[in-house]
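Colleague: Structure supplied as final_30.cif; contents: mmCIF, C-alpha atoms and all ligand atoms.
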```cif
data_target
#
loop_
_atom_site.label_atom_id
_atom_site.label_comp_id
_atom_site.auth_asym_id
_atom_site.auth_seq_id
_atom_site.Cartn_x
_atom_site.Cartn_y
_atom_site.Cartn_z
CA MET A 88 -4.03 -9.98 20.93
CA ARG A 89 -2.06 -8.35 23.75
CA GLU A 90 0.63 -7.43 21.31
CA SER A 91 -1.72 -6.03 18.72
CA LEU A 92 -3.64 -3.98 21.27
CA SER A 93 -0.52 -2.46 22.73
CA ARG A 94 0.61 -1.72 19.15
CA ARG A 95 -2.53 0.35 18.75
CA GLY A 96 -2.14 2.18 22.04
CA PHE A 97 -4.59 0.26 24.17
CA ILE A 98 -4.09 0.63 27.87
CA GLY A 99 -4.08 -2.77 29.54
CA ALA A 100 -6.65 -3.79 32.15
CA ALA A 101 -5.61 -4.06 35.78
CA ALA A 102 -4.59 -7.43 37.17
CA ALA A 103 -7.28 -9.51 38.85
CA GLY A 104 -8.43 -7.97 42.13
CA PRO A 105 -11.01 -8.88 44.77
CA ALA A 106 -14.35 -10.27 43.62
CA ALA A 107 -15.91 -7.71 41.33
CA ALA A 108 -19.45 -8.73 42.19
CA ALA A 109 -19.23 -7.17 45.64
CA VAL A 110 -18.15 -3.81 44.29
CA VAL A 111 -20.86 -1.21 43.91
CA THR A 112 -20.86 1.31 41.11
CA ASN A 113 -20.34 4.32 43.34
CA GLY A 114 -17.58 2.71 45.43
CA LYS A 115 -14.11 4.25 45.47
CA PRO A 116 -12.48 4.17 42.00
CA ALA A 117 -9.73 1.58 41.63
CA LEU A 118 -7.31 4.32 40.59
CA LEU A 119 -7.83 5.84 44.04
CA GLY A 120 -7.33 2.53 45.83
CA GLY A 121 -10.83 0.95 45.60
CA ALA A 122 -11.51 -2.60 44.37
CA PRO A 123 -11.78 -2.78 40.57
CA ILE A 124 -15.26 -3.24 39.10
CA ARG A 125 -13.90 -6.06 37.02
CA SER A 126 -11.40 -8.75 37.95
CA VAL A 127 -11.92 -11.12 35.02
CA LYS A 128 -10.30 -10.63 31.63
CA PHE A 129 -12.40 -10.02 28.51
CA PRO A 130 -12.50 -12.88 25.96
CA ALA A 131 -9.10 -13.70 24.49
CA TRP A 132 -8.40 -13.36 20.77
CA PRO A 133 -7.90 -15.28 18.55
CA ILE A 134 -10.24 -18.13 19.34
CA VAL A 135 -8.61 -21.42 18.34
CA ARG A 136 -10.50 -24.68 17.84
CA GLU A 137 -9.60 -28.12 16.60
CA ASN A 138 -10.67 -27.32 13.05
CA ASP A 139 -8.00 -24.59 12.91
CA GLU A 140 -5.32 -27.07 13.93
CA GLN A 141 -6.55 -29.60 11.36
CA ALA A 142 -6.65 -26.99 8.61
CA LEU A 143 -3.07 -25.88 9.30
CA LEU A 144 -1.78 -29.42 9.63
CA ALA A 145 -3.37 -30.40 6.33
CA VAL A 146 -1.44 -27.63 4.53
CA LEU A 147 1.74 -28.40 6.46
CA ARG A 148 1.64 -32.08 5.61
CA GLY A 149 0.46 -31.52 2.05
CA GLY A 150 3.71 -29.66 1.35
CA LYS A 151 2.05 -27.08 -0.92
CA TRP A 152 2.57 -23.99 1.18
CA GLY A 153 2.40 -21.30 -1.49
CA ARG A 154 -0.63 -20.49 -3.60
CA THR A 155 1.28 -20.96 -6.83
CA ASN A 156 1.00 -24.70 -6.39
CA GLY A 157 -1.79 -25.12 -3.81
CA GLY A 158 -5.58 -24.76 -4.01
CA VAL A 159 -6.60 -23.44 -0.57
CA ALA A 160 -6.29 -19.74 -1.39
CA LYS A 161 -8.56 -20.27 -4.39
CA LYS A 162 -11.08 -22.05 -2.19
CA PHE A 163 -11.03 -19.19 0.30
CA GLU A 164 -11.52 -16.64 -2.48
CA GLU A 165 -14.58 -18.49 -3.76
CA SER A 166 -16.00 -18.70 -0.26
CA TRP A 167 -15.27 -15.03 0.55
CA ALA A 168 -16.83 -13.79 -2.69
CA ARG A 169 -19.91 -16.00 -2.17
CA THR A 170 -20.35 -14.95 1.47
CA LEU A 171 -20.15 -11.27 0.60
CA GLY A 172 -22.22 -11.48 -2.57
CA ALA A 173 -19.39 -10.31 -4.87
CA LYS A 174 -18.52 -11.82 -8.24
CA HIS A 175 -14.76 -11.96 -7.64
CA SER A 176 -12.29 -12.04 -4.80
CA LEU A 177 -8.51 -12.06 -4.67
CA ALA A 178 -6.75 -12.93 -1.42
CA THR A 179 -3.59 -10.96 -0.59
CA ALA A 180 -0.77 -10.99 1.97
CA ASN A 181 -2.53 -8.33 4.09
CA GLY A 182 -4.96 -5.42 3.85
CA THR A 183 -2.24 -2.96 2.89
CA SER A 184 -1.35 -5.11 -0.11
CA ALA A 185 -5.02 -5.36 -1.06
CA LEU A 186 -5.13 -1.55 -1.20
CA ILE A 187 -1.78 -1.24 -3.01
CA ALA A 188 -2.75 -3.84 -5.61
CA THR A 189 -6.18 -2.29 -6.23
CA LEU A 190 -4.79 1.23 -6.59
CA GLY A 191 -2.12 -0.16 -8.95
CA ALA A 192 -4.75 -2.01 -10.97
CA MET A 193 -6.89 1.13 -11.14
CA GLY A 194 -3.92 3.03 -12.56
CA ILE A 195 -3.66 5.51 -9.67
CA GLY A 196 -0.30 7.24 -9.98
CA PRO A 197 1.79 10.42 -9.96
CA GLY A 198 -0.30 13.58 -10.26
CA ASP A 199 -3.56 11.98 -9.15
CA GLU A 200 -5.48 13.08 -6.08
CA VAL A 201 -7.25 10.48 -3.95
CA ILE A 202 -9.84 11.60 -1.42
CA VAL A 203 -9.30 9.90 1.94
CA PRO A 204 -10.39 10.34 5.56
CA PRO A 205 -7.87 11.55 8.15
CA TYR A 206 -9.52 9.21 10.66
CA THR A 207 -8.20 5.80 9.60
CA PHE A 208 -5.30 3.42 10.02
CA VAL A 209 -2.22 4.81 8.29
CA ALA A 210 -2.21 2.03 5.65
CA THR A 211 -5.05 3.77 3.77
CA ILE A 212 -2.81 6.80 3.27
CA ASN A 213 0.43 4.88 2.75
CA ALA A 214 -1.11 2.90 -0.12
CA VAL A 215 -1.88 6.19 -1.92
CA LEU A 216 1.55 7.70 -1.21
CA LEU A 217 3.35 4.56 -2.38
CA HIS A 218 1.78 5.14 -5.80
CA HIS A 219 3.06 8.74 -5.67
CA ALA A 220 -0.49 10.07 -5.68
CA LEU A 221 -1.65 12.85 -3.33
CA PRO A 222 -4.04 11.95 -0.51
CA VAL A 223 -6.53 14.78 -0.08
CA PHE A 224 -8.18 14.65 3.32
CA ALA A 225 -11.93 15.14 3.64
CA ASP A 226 -13.12 15.99 7.14
CA THR A 227 -14.85 13.56 9.51
CA ASP A 228 -18.47 13.64 10.63
CA ILE A 229 -17.97 13.90 14.36
CA ASP A 230 -21.27 12.16 15.14
CA THR A 231 -20.57 9.03 13.10
CA PHE A 232 -16.71 9.01 13.09
CA GLN A 233 -17.03 8.46 9.30
CA ILE A 234 -15.81 10.54 6.36
CA ASP A 235 -18.14 13.50 5.75
CA PRO A 236 -19.65 13.40 2.22
CA ARG A 237 -20.02 17.22 2.15
CA SER A 238 -16.30 17.51 2.67
CA ILE A 239 -15.68 14.96 -0.12
CA SER A 240 -17.64 17.12 -2.58
CA ALA A 241 -15.69 20.20 -1.54
CA ALA A 242 -12.34 18.40 -1.98
CA ILE A 243 -12.90 17.24 -5.58
CA THR A 244 -10.79 18.93 -8.27
CA SER A 245 -10.05 18.14 -11.91
CA ARG A 246 -7.15 15.99 -10.64
CA THR A 247 -9.23 13.77 -8.39
CA ALA A 248 -8.98 10.19 -9.62
CA LEU A 249 -10.61 8.20 -6.80
CA ILE A 250 -12.71 8.43 -3.65
CA LEU A 251 -11.39 6.10 -0.94
CA PRO A 252 -13.76 6.03 2.06
CA VAL A 253 -13.06 3.84 5.09
CA HIS A 254 -15.80 2.04 7.00
CA MET A 255 -14.42 3.12 10.35
CA GLY A 256 -14.70 0.69 13.20
CA GLY A 257 -16.66 -1.62 10.92
CA SER A 258 -19.62 0.76 10.67
CA ALA A 259 -20.52 2.13 7.25
CA ALA A 260 -19.49 5.44 5.78
CA ASN A 261 -22.50 7.13 4.13
CA LEU A 262 -22.50 5.08 0.93
CA ASP A 263 -25.70 6.57 -0.52
CA ALA A 264 -24.10 10.00 -0.55
CA ILE A 265 -20.59 8.85 -1.50
CA LEU A 266 -21.71 6.64 -4.40
CA GLU A 267 -23.94 9.46 -5.62
CA ILE A 268 -20.99 11.88 -5.60
CA GLY A 269 -18.87 9.27 -7.42
CA LYS A 270 -21.55 8.83 -10.07
CA ALA A 271 -22.16 12.54 -10.54
CA ARG A 272 -18.43 13.35 -10.79
CA LYS A 273 -17.54 10.17 -12.73
CA LEU A 274 -15.14 8.97 -10.04
CA PRO A 275 -14.68 5.38 -8.88
CA VAL A 276 -15.20 4.60 -5.20
CA LEU A 277 -12.87 2.10 -3.53
CA GLU A 278 -14.17 0.96 -0.13
CA ASP A 279 -11.53 0.43 2.54
CA ALA A 280 -13.48 -2.29 4.36
CA CYS A 281 -10.42 -3.52 6.25
CA GLN A 282 -12.34 -3.24 9.55
CA ALA A 283 -15.77 -4.06 8.18
CA HIS A 284 -16.15 -7.82 7.74
CA PHE A 285 -19.85 -8.62 7.29
CA GLY A 286 -20.97 -5.05 8.01
CA GLU A 287 -23.88 -3.97 5.78
CA TRP A 288 -25.30 -1.01 3.90
CA ARG A 289 -29.04 -1.42 3.26
CA GLY A 290 -28.63 -5.20 3.52
CA ARG A 291 -25.62 -5.45 1.18
CA LYS A 292 -22.20 -6.35 2.51
CA LEU A 293 -19.70 -3.53 2.93
CA GLY A 294 -16.93 -3.70 0.37
CA THR A 295 -19.30 -4.81 -2.40
CA LEU A 296 -20.99 -1.51 -3.27
CA GLY A 297 -18.14 0.50 -4.78
CA ALA A 298 -15.89 -0.36 -7.73
CA ALA A 299 -14.00 -2.63 -5.32
CA GLY A 300 -13.54 -3.27 -1.60
CA CYS A 301 -10.43 -4.18 0.41
CA PHE A 302 -10.28 -6.26 3.59
CA SER A 303 -7.67 -7.02 6.25
CA PHE A 304 -7.28 -10.25 8.21
CA GLN A 305 -4.53 -8.91 10.48
CA ALA A 306 -4.38 -10.34 14.01
CA SER A 307 -6.81 -7.90 15.68
CA LYS A 308 -9.46 -8.18 12.96
CA ASN A 309 -12.87 -9.89 13.33
CA LEU A 310 -11.62 -12.47 10.83
CA ASN A 311 -7.97 -13.16 11.48
CA SER A 312 -5.16 -15.21 10.01
CA GLY A 313 -2.31 -13.32 11.68
CA GLU A 314 -1.87 -11.33 8.48
CA GLY A 315 -4.00 -11.53 5.36
CA GLY A 316 -6.20 -9.51 3.07
CA ALA A 317 -8.66 -9.65 0.19
CA ILE A 318 -10.07 -7.58 -2.64
CA VAL A 319 -13.65 -8.02 -3.83
CA THR A 320 -15.25 -6.60 -6.96
CA ASP A 321 -17.82 -7.43 -9.65
CA ASP A 322 -15.41 -6.19 -12.32
CA GLY A 323 -13.67 -9.13 -13.99
CA ASP A 324 -11.07 -6.96 -15.76
CA LEU A 325 -10.19 -5.14 -12.57
CA ILE A 326 -9.67 -8.34 -10.57
CA ALA A 327 -7.49 -9.73 -13.37
CA ARG A 328 -5.29 -6.61 -13.17
CA CYS A 329 -5.19 -6.88 -9.35
CA ASP A 330 -4.18 -10.53 -9.71
CA SER A 331 -1.39 -9.64 -12.10
CA PHE A 332 -0.19 -6.70 -9.96
CA HIS A 333 -0.08 -8.80 -6.79
CA ASN A 334 1.86 -11.52 -8.62
CA ASN A 335 4.86 -9.43 -9.73
CA GLY A 336 3.02 -8.17 -12.81
CA ARG A 337 2.75 -11.58 -14.43
CA GLY A 338 0.60 -12.04 -17.50
CA ALA A 339 -1.14 -15.17 -18.74
CA ASP A 340 2.08 -16.81 -20.00
CA PRO A 341 1.86 -20.39 -18.68
CA SER A 342 5.63 -20.48 -18.06
CA GLY A 343 5.08 -17.91 -15.31
CA PHE A 344 7.87 -15.76 -16.78
CA GLY A 345 5.87 -13.28 -18.87
CA TYR A 346 5.39 -9.82 -17.30
CA VAL A 347 2.82 -7.30 -18.49
CA ARG A 348 3.00 -4.59 -15.83
CA ASN A 349 4.92 -3.40 -12.84
CA GLY A 350 3.84 -5.21 -9.66
CA ALA A 351 5.02 -6.94 -6.50
CA ASN A 352 4.68 -10.21 -4.65
CA LEU A 353 1.65 -9.54 -2.46
CA ARG A 354 0.40 -13.14 -2.40
CA ILE A 355 -1.32 -14.85 0.51
CA THR A 356 0.05 -18.19 1.75
CA GLU A 357 -1.92 -21.42 1.85
CA PHE A 358 -1.56 -21.42 5.66
CA GLN A 359 -3.29 -18.07 5.97
CA ALA A 360 -6.07 -19.14 3.60
CA ALA A 361 -6.62 -22.39 5.49
CA LEU A 362 -6.94 -20.53 8.78
CA LEU A 363 -9.40 -18.08 7.24
CA LEU A 364 -11.62 -20.93 6.05
CA SER A 365 -11.60 -22.61 9.45
CA GLN A 366 -12.17 -19.33 11.34
CA MET A 367 -15.06 -18.47 9.02
CA THR A 368 -17.08 -21.35 10.46
CA ARG A 369 -17.56 -19.19 13.58
CA THR A 370 -17.92 -15.65 12.26
CA ALA A 371 -21.74 -15.65 11.96
CA GLU A 372 -22.15 -16.59 15.60
CA GLN A 373 -19.53 -14.07 16.72
CA SER A 374 -21.13 -11.26 14.71
CA LYS A 375 -24.47 -11.98 16.37
CA GLN A 376 -22.90 -11.79 19.81
CA ARG A 377 -21.26 -8.45 19.01
CA ASP A 378 -24.58 -7.08 17.70
CA LEU A 379 -26.38 -8.01 20.93
CA ASN A 380 -23.67 -6.63 23.20
CA ALA A 381 -23.18 -3.44 21.20
CA ALA A 382 -26.93 -2.74 21.36
CA HIS A 383 -26.98 -3.19 25.14
CA LEU A 384 -23.81 -1.16 25.66
CA THR A 385 -25.18 1.68 23.52
CA LYS A 386 -28.40 1.70 25.54
CA ARG A 387 -26.42 1.97 28.79
CA LEU A 388 -23.90 4.52 27.54
CA ARG A 389 -26.56 6.80 26.06
CA GLU A 390 -27.86 7.26 29.61
CA ILE A 391 -24.56 8.79 30.75
CA PRO A 392 -24.25 12.53 30.07
CA GLY A 393 -20.88 13.26 28.48
CA ILE A 394 -20.61 9.88 26.74
CA THR A 395 -21.77 9.89 23.11
CA PRO A 396 -21.61 6.58 21.21
CA ALA A 397 -20.78 6.93 17.49
CA ARG A 398 -24.06 7.18 15.58
CA LEU A 399 -24.64 4.60 12.84
CA GLU A 400 -25.57 6.10 9.47
CA ASP A 401 -29.23 5.45 8.65
CA GLY A 402 -28.28 3.07 5.83
CA CYS A 403 -25.92 1.04 8.02
CA THR A 404 -28.10 -2.01 8.57
CA ARG A 405 -25.29 -3.81 10.37
CA SER A 406 -21.97 -2.79 11.87
CA ALA A 407 -19.07 -5.22 12.03
CA TRP A 408 -18.33 -3.69 15.45
CA HIS A 409 -14.62 -4.03 14.91
CA LEU A 410 -14.36 -1.12 17.31
CA TYR A 411 -16.88 0.27 19.73
CA MET A 412 -16.32 4.03 19.51
CA PHE A 413 -17.67 6.91 21.55
CA ARG A 414 -16.87 10.50 22.39
CA TYR A 415 -15.86 11.53 25.89
CA SER A 416 -16.68 15.04 27.09
CA LYS A 417 -14.20 16.21 29.67
CA GLN A 418 -16.53 19.07 30.61
CA ALA A 419 -19.26 16.62 31.64
CA PHE A 420 -16.73 14.79 33.84
CA ASP A 421 -15.69 17.75 36.02
CA GLY A 422 -12.76 18.55 33.73
CA LEU A 423 -11.23 15.05 34.06
CA SER A 424 -8.84 14.63 31.14
CA ARG A 425 -9.40 11.83 28.65
CA ALA A 426 -5.96 10.44 29.48
CA THR A 427 -6.87 10.08 33.18
CA PHE A 428 -10.30 8.70 32.24
CA LEU A 429 -8.55 5.94 30.23
CA LYS A 430 -6.21 5.25 33.15
CA ALA A 431 -9.14 5.06 35.55
CA MET A 432 -10.95 2.65 33.19
CA ALA A 433 -7.86 0.42 33.00
CA ALA A 434 -7.67 0.38 36.79
CA GLU A 435 -11.31 -0.78 36.87
CA GLY A 436 -10.32 -3.70 34.62
CA ILE A 437 -11.65 -2.18 31.38
CA PRO A 438 -9.05 -1.67 28.60
CA SER A 439 -9.71 1.23 26.26
CA SER A 440 -7.84 3.40 23.80
CA ARG A 441 -7.79 7.03 22.69
CA GLY A 442 -7.71 5.84 19.09
CA TYR A 443 -6.26 7.60 16.07
CA VAL A 444 -4.29 10.80 15.68
CA PRO A 445 -5.13 13.19 12.78
CA LEU A 446 -3.22 11.65 9.87
CA ASN A 447 -3.28 14.88 7.85
CA LYS A 448 -1.03 16.41 10.51
CA GLU A 449 1.38 13.50 11.04
CA PRO A 450 5.08 14.10 10.15
CA LEU A 451 4.64 11.28 7.61
CA MET A 452 2.89 13.71 5.27
CA GLU A 453 5.55 16.43 5.26
CA ALA A 454 8.32 13.83 5.09
CA THR A 455 6.74 12.29 1.99
CA LEU A 456 5.75 15.50 0.26
CA SER A 457 9.26 16.90 0.67
CA SER A 458 10.89 13.69 -0.57
CA LYS A 459 12.89 13.63 -3.81
CA GLY A 460 10.22 11.66 -5.69
CA PHE A 461 7.33 13.91 -4.70
CA ARG A 462 9.28 17.09 -5.40
CA ALA A 463 10.10 15.75 -8.85
CA ILE A 464 6.41 15.13 -9.57
CA TYR A 465 4.62 18.02 -7.86
CA PRO A 466 5.53 21.68 -8.37
CA GLU A 467 6.05 23.63 -5.13
CA LYS A 468 2.90 25.66 -5.87
CA ARG A 469 0.77 22.54 -5.84
CA LEU A 470 2.24 21.28 -2.59
CA LYS A 471 1.66 24.70 -1.03
CA GLU A 472 -1.99 24.51 -2.12
CA TRP A 473 -2.21 21.02 -0.64
CA ARG A 474 -0.94 22.30 2.72
CA GLU A 475 -3.54 25.07 2.72
CA ARG A 476 -6.41 22.78 1.74
CA ASN A 477 -5.84 19.95 4.16
CA GLN A 478 -7.54 21.26 7.26
CA CYS A 479 -9.98 18.96 9.07
CA PRO A 480 -11.23 20.78 12.18
CA ALA A 481 -14.02 18.32 13.03
CA ASN A 482 -11.52 15.48 12.88
CA ASP A 483 -9.05 17.39 15.09
CA ARG A 484 -11.77 17.67 17.71
CA LEU A 485 -12.79 14.03 17.36
CA CYS A 486 -9.20 12.89 17.91
CA GLU A 487 -9.25 14.73 21.25
CA GLU A 488 -12.53 13.17 22.39
CA ALA A 489 -12.63 9.62 21.01
CA VAL A 490 -12.46 6.46 23.09
CA TRP A 491 -12.47 2.91 21.71
CA PHE A 492 -13.18 -0.57 22.96
CA THR A 493 -12.14 -3.60 20.90
CA GLN A 494 -14.36 -6.11 19.13
CA THR A 495 -13.21 -8.87 21.49
CA MET A 496 -14.80 -7.09 24.44
CA LEU A 497 -18.12 -7.35 22.59
CA LEU A 498 -17.73 -11.12 22.54
CA GLY A 499 -18.30 -11.13 26.28
CA SER A 500 -21.59 -11.27 28.18
CA LYS A 501 -24.35 -8.74 28.83
CA GLU A 502 -22.95 -8.45 32.38
CA ASP A 503 -19.59 -7.48 30.90
CA MET A 504 -21.30 -4.59 29.10
CA ASP A 505 -22.97 -3.55 32.35
CA GLN A 506 -19.60 -3.51 34.06
CA ILE A 507 -18.23 -1.21 31.37
CA ALA A 508 -21.10 1.21 31.92
CA ASP A 509 -20.82 0.88 35.71
CA ALA A 510 -17.11 1.68 35.59
CA ILE A 511 -17.83 4.86 33.62
CA LEU A 512 -20.56 5.85 36.09
CA ARG A 513 -18.20 5.32 38.99
CA ILE A 514 -15.47 7.41 37.35
CA LYS A 515 -18.01 10.15 36.63
CA ALA A 516 -19.18 10.18 40.25
CA HIS A 517 -15.57 10.63 41.42
CA ALA A 518 -14.27 12.71 38.53
CA ALA A 519 -13.23 15.67 40.67
CA ALA A 520 -11.16 13.47 43.00
CA LEU A 521 -9.66 11.58 40.04
CA ARG A 522 -8.47 14.82 38.45
CA SER A 523 -5.41 14.81 40.65
CA ALA A 524 -4.73 11.05 40.29
C1 LIG B 1 -8.84 0.94 7.84
C2 LIG B 1 -7.67 0.06 7.58
N1 LIG B 1 -7.10 0.08 6.36
C3 LIG B 1 -6.06 -0.72 6.06
C4 LIG B 1 -5.52 -1.57 6.99
C5 LIG B 1 -4.32 -2.39 6.63
O1 LIG B 1 -4.49 -3.74 6.82
P1 LIG B 1 -3.25 -4.68 7.21
O2 LIG B 1 -2.83 -4.35 8.60
O3 LIG B 1 -3.81 -6.06 7.07
O4 LIG B 1 -2.19 -4.42 6.21
C6 LIG B 1 -6.10 -1.65 8.26
C7 LIG B 1 -5.56 -2.58 9.28
O5 LIG B 1 -5.42 -2.28 10.44
C8 LIG B 1 -7.19 -0.80 8.58
O6 LIG B 1 -7.75 -0.82 9.78
#
```
Could you take the file, read its structure, and then write that structure out as structure tokens?
Ligand SMILES: Cc1ncc(COP(=O)(O)O)c(C=O)c1O
Modeller:
Amino acid sequence: MRESLSRRGFIGAAAAGPAAAAVVTNGKPALLGGAPIRSVKFPAWPIVRENDEQALLAVLRGGKWGRTNGGVAKKFEESWARTLGAKHSLATANGTSALIATLGAMGIGPGDEVIVPPYTFVATINAVLLHHALPVFADTDIDTFQIDPRSISAAITSRTALILPVHMGGSAANLDAILEIGKARKLPVLEDACQAHFGEWRGRKLGTLGAAGCFSFQASKNLNSGEGGAIVTDDGDLIARCDSFHNNGRGADPSGFGYVRNGANLRITEFQAALLLSQMTRTAEQSKQRDLNAAHLTKRLREIPGITPARLEDGCTRSAWHLYMFRYSKQAFDGLSRATFLKAMAAEGIPSSRGYVPLNKEPLMEATLSSKGFRAIYPEKRLKEWRERNQCPANDRLCEEAVWFTQTMLLGSKEDMDQIADAILRIKAHAAALRSA
């Protein structure tokens, strides 16, 4: 967990200090030498129980470690599809491969435009670029942190081949509006549900409402096997093409040496699948705990001027709470920068992150668009148009104001949530003094 949080830019909590209980909210901030509000670490991740050890040992001792000769991956796929209410599931090596395989199976390729959010993990964009298609960025709704459907409509051209929304933080993008746009414009919708395990839209599981949905089981995720991923869909032909793509383009030839399409080895291992099955015995309980804590935290944070928790879309009947996201207003905190706010939170024993950067502006885009392959496919005029179109001002602002907590913090107690809110209140009360810290 430590490693994965630092990978994503989380600032670590301070080391244990004097008993937190004795510290009052308006005491001196820890960054200015006071005692931290919190001296105990938030719950560790992953959570490992005996059933995980047994599951891994069974695969180890059984000697069938790959899915080509084992049956555990199949068992996980059946369980995942059943739990989500989808007809089919295919497990993959990770979430990125789930996206790459699905885009490959959908025939997304050179010349196509795929509508994506700029507020996502880079894998959403990389999967599109690896197929030599053009990601077209739709702006973000600053209130929900989700892709803005109005911006999707505006971004559609005759070359658009797919809408690829992300359920950011595990809360739902506006699926009513997005599916309606897809239907009206005859475009498939692929849900990037990599952060959204067991989140819901009007009672249906995220990932199951579009043409297909992709999941990640990477180490930080609410369901974790170190690495891992899955595709779900009700479309039997699509899942068969995904299966073939993720298995080096194999066809039905029983020898295993007949190839019907280009593909790659994106297969999950039996170890990963075994761990997913054993970890799934606890996900319902963990989701409930996150729901309770997120509701209490939201209630507390809404009372603090300058802190605005991400609003759930009306149709989002359940968030996965992979991230707890809010906006921080520097103006409401006496001009205290977000960077110093994060530092002050860490000193109080509360790790937090500034979250994503605007992907439409990352050097990755220019580097790819000016590469040999892209220049061979796209005329200069089209790339120039792309550069002019890809402005996302709401997202730019969001990336300056966002703050995240991780899902593991929501596995703590109600008192933990109160300490988070108390730390923010303390920082607010001393914001002017902290400005020079
Ligand atoms: C929104 C989103 N899409 C795709 C991915 C890629 O998943 P993985 O890291 O399992 O390849 C992630 C993982 O962080 C993600 O958060």
Colleague: Counting all atoms listed in the file, figure out which residue out of A:Gln376, A:Ser312, A:Ser406, A:Ser258 gets nearest to Thr356 (chain A).
Modeller: A:Ser312
Colleague: Nearest to ligand LIG 1 (chain B): which of A:Ala306, A:Leu274, A:Val215, A:Ala381 is it, counting all atoms listed in the file?
Modeller: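 Going through A:Ala306, A:Leu274, A:Val215, A:Ala381 one by one, the smallest distance to ligand LIG 1 (chain B) is for A:Ala306.
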Colleague: At a cut-off of 9 Å and counting all atoms listed in the file, what residues surround ligand LIG 1 (chain B)? Please answer as an NGL selection string.
Modeller: :A and (180-186 or 206-212 or 214 or 253-257 or 279-283 or 301-308 or 313-316)
Colleague: Please, what distance in Å, to one decimal, runs between CA of Ile507 (chain A) and CA of Ser439 (chain A)?
Modeller: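 So the two atoms, CA of Ile507 (chain A) and CA of Ser439 (chain A), lie 10.2 Å apart.
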Colleague: Hey, which bits of region 436-468 of chain A sit within 9 Å of region 474-498 of chain A, and for each residue what's the closest pair of atoms and how far apart in Å (one decimal), counting only C-alpha atoms, rows by chain and increasing number, as JSON lines?
Modeller:
```
{"residue": "A:Ile437", "atom": "CA", "partner": "A:Phe492", "partner_atom": "CA", "distance": 8.7}
{"residue": "A:Pro438", "atom": "CA", "partner": "A:Phe492", "partner_atom": "CA", "distance": 7.1}
{"residue": "A:Ser439", "atom": "CA", "partner": "A:Phe492", "partner_atom": "CA", "distance": 5.1}
{"residue": "A:Ser440", "atom": "CA", "partner": "A:Trp491", "partner_atom": "CA", "distance": 5.1}
{"residue": "A:Arg441", "atom": "CA", "partner": "A:Val490", "partner_atom": "CA", "distance": 4.7}
{"residue": "A:Gly442", "atom": "CA", "partner": "A:Trp491", "partner_atom": "CA", "distance": 6.2}
{"residue": "A:Tyr443", "atom": "CA", "partner": "A:Cys486", "partner_atom": "CA", "distance": 6.3}
{"residue": "A:Val444", "atom": "CA", "partner": "A:Cys486", "partner_atom": "CA", "distance": 5.8}
{"residue": "A:Pro445", "atom": "CA", "partner": "A:Asp483", "partner_atom": "CA", "distance": 6.2}
{"residue": "A:Asn447", "atom": "CA", "partner": "A:Asn477", "partner_atom": "CA", "distance": 6.8}
{"residue": "A:Lys448", "atom": "CA", "partner": "A:Asn477", "partner_atom": "CA", "distance": 8.7}
```
Colleague: Using only C-alpha atoms, please write the residues we just selected to a file, as a short mmCIF file (atom, residue, chain, number, x, y, z; two decimals), in the frame of the given file.
Modeller:
```cif
data_model
loop_
_atom_site.label_atom_id
_atom_site.label_comp_id
_atom_site.auth_asym_id
_atom_site.auth_seq_id
_atom_site.Cartn_x
_atom_site.Cartn_y
_atom_site.Cartn_z
CA ILE A 437 -11.65 -2.18 31.38
CA PRO A 438 -9.05 -1.67 28.60
CA SER A 439 -9.71 1.23 26.26
CA SER A 440 -7.84 3.40 23.80
CA ARG A 441 -7.79 7.03 22.69
CA GLY A 442 -7.71 5.84 19.09
CA TYR A 443 -6.26 7.60 16.07
CA VAL A 444 -4.29 10.80 15.68
CA PRO A 445 -5.13 13.19 12.78
CA ASN A 447 -3.28 14.88 7.85
CA LYS A 448 -1.03 16.41 10.51
#
```
Colleague: For Pro197 (chain A), which residue out of A:Ala382, A:Leu217, A:Leu249, A:Cys403 is the nearest one, using all atoms listed in the file?
Modeller: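 Comparing A:Ala382, A:Leu217, A:Leu249, A:Cys403 against Pro197 (chain A), the winner is A:Leu217.
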Colleague: As an exercise, work out the distance from CA of Lys174 (chain A) to CA of Asp321 (chain A) in Å and give it to one decimal place.
Modeller: 4.7 Å
Colleague: Extract, using all atoms listed in the file, all DNA, RNA and protein residues at most 12 Å from Gly402 (chain A), discarding same-chain residues fewer than 5 positions from it, and format them as a list in words.
Modeller: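 Final neighbour list, sorted by chain and number: Ser258, Ala259, Ala260, Asn261, Leu262, Asp263, Ala264, Gly286, Glu287, Trp288, Arg289, Gly290, Arg291, Lys292 and Leu293 of chain A.
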Colleague: In terms of the shortest atom-to-atom distance over only C-alpha atoms, which of A:Ala142, A:Leu446, A:Leu177, A:Leu451 is closest to Asp226 (chain A)?
Modeller: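 Checking each of A:Ala142, A:Leu446, A:Leu177, A:Leu451 against Asp226 (chain A), counting only C-alpha atoms, the winner is A:Leu446.
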Colleague: CA of Arg272 (chain A) to CA of Val203 (chain A): how many Å, to one decimal?
Modeller: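 Separation of CA of Arg272 (chain A) and CA of Val203 (chain A): 16.0 Å.
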Colleague: For Ile514 (chain A), which of A:Leu364, A:Leu423, A:Ala351, A:Ala248 is the closest residue, counting all atoms listed in the file?
Modeller: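 When distances to Ile514 (chain A) are compared using all atoms listed in the file, the smallest one comes from A:Leu423.
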Colleague: Which residues, written as number ranges by chain, have at least one atom at most 10 Å from Gly269 (chain A), with only C-alpha atoms counted and residues fewer than 4 positions away on the same chain left out?
Modeller: A: 239-240, 249-250, 264-265, 273-276, 297
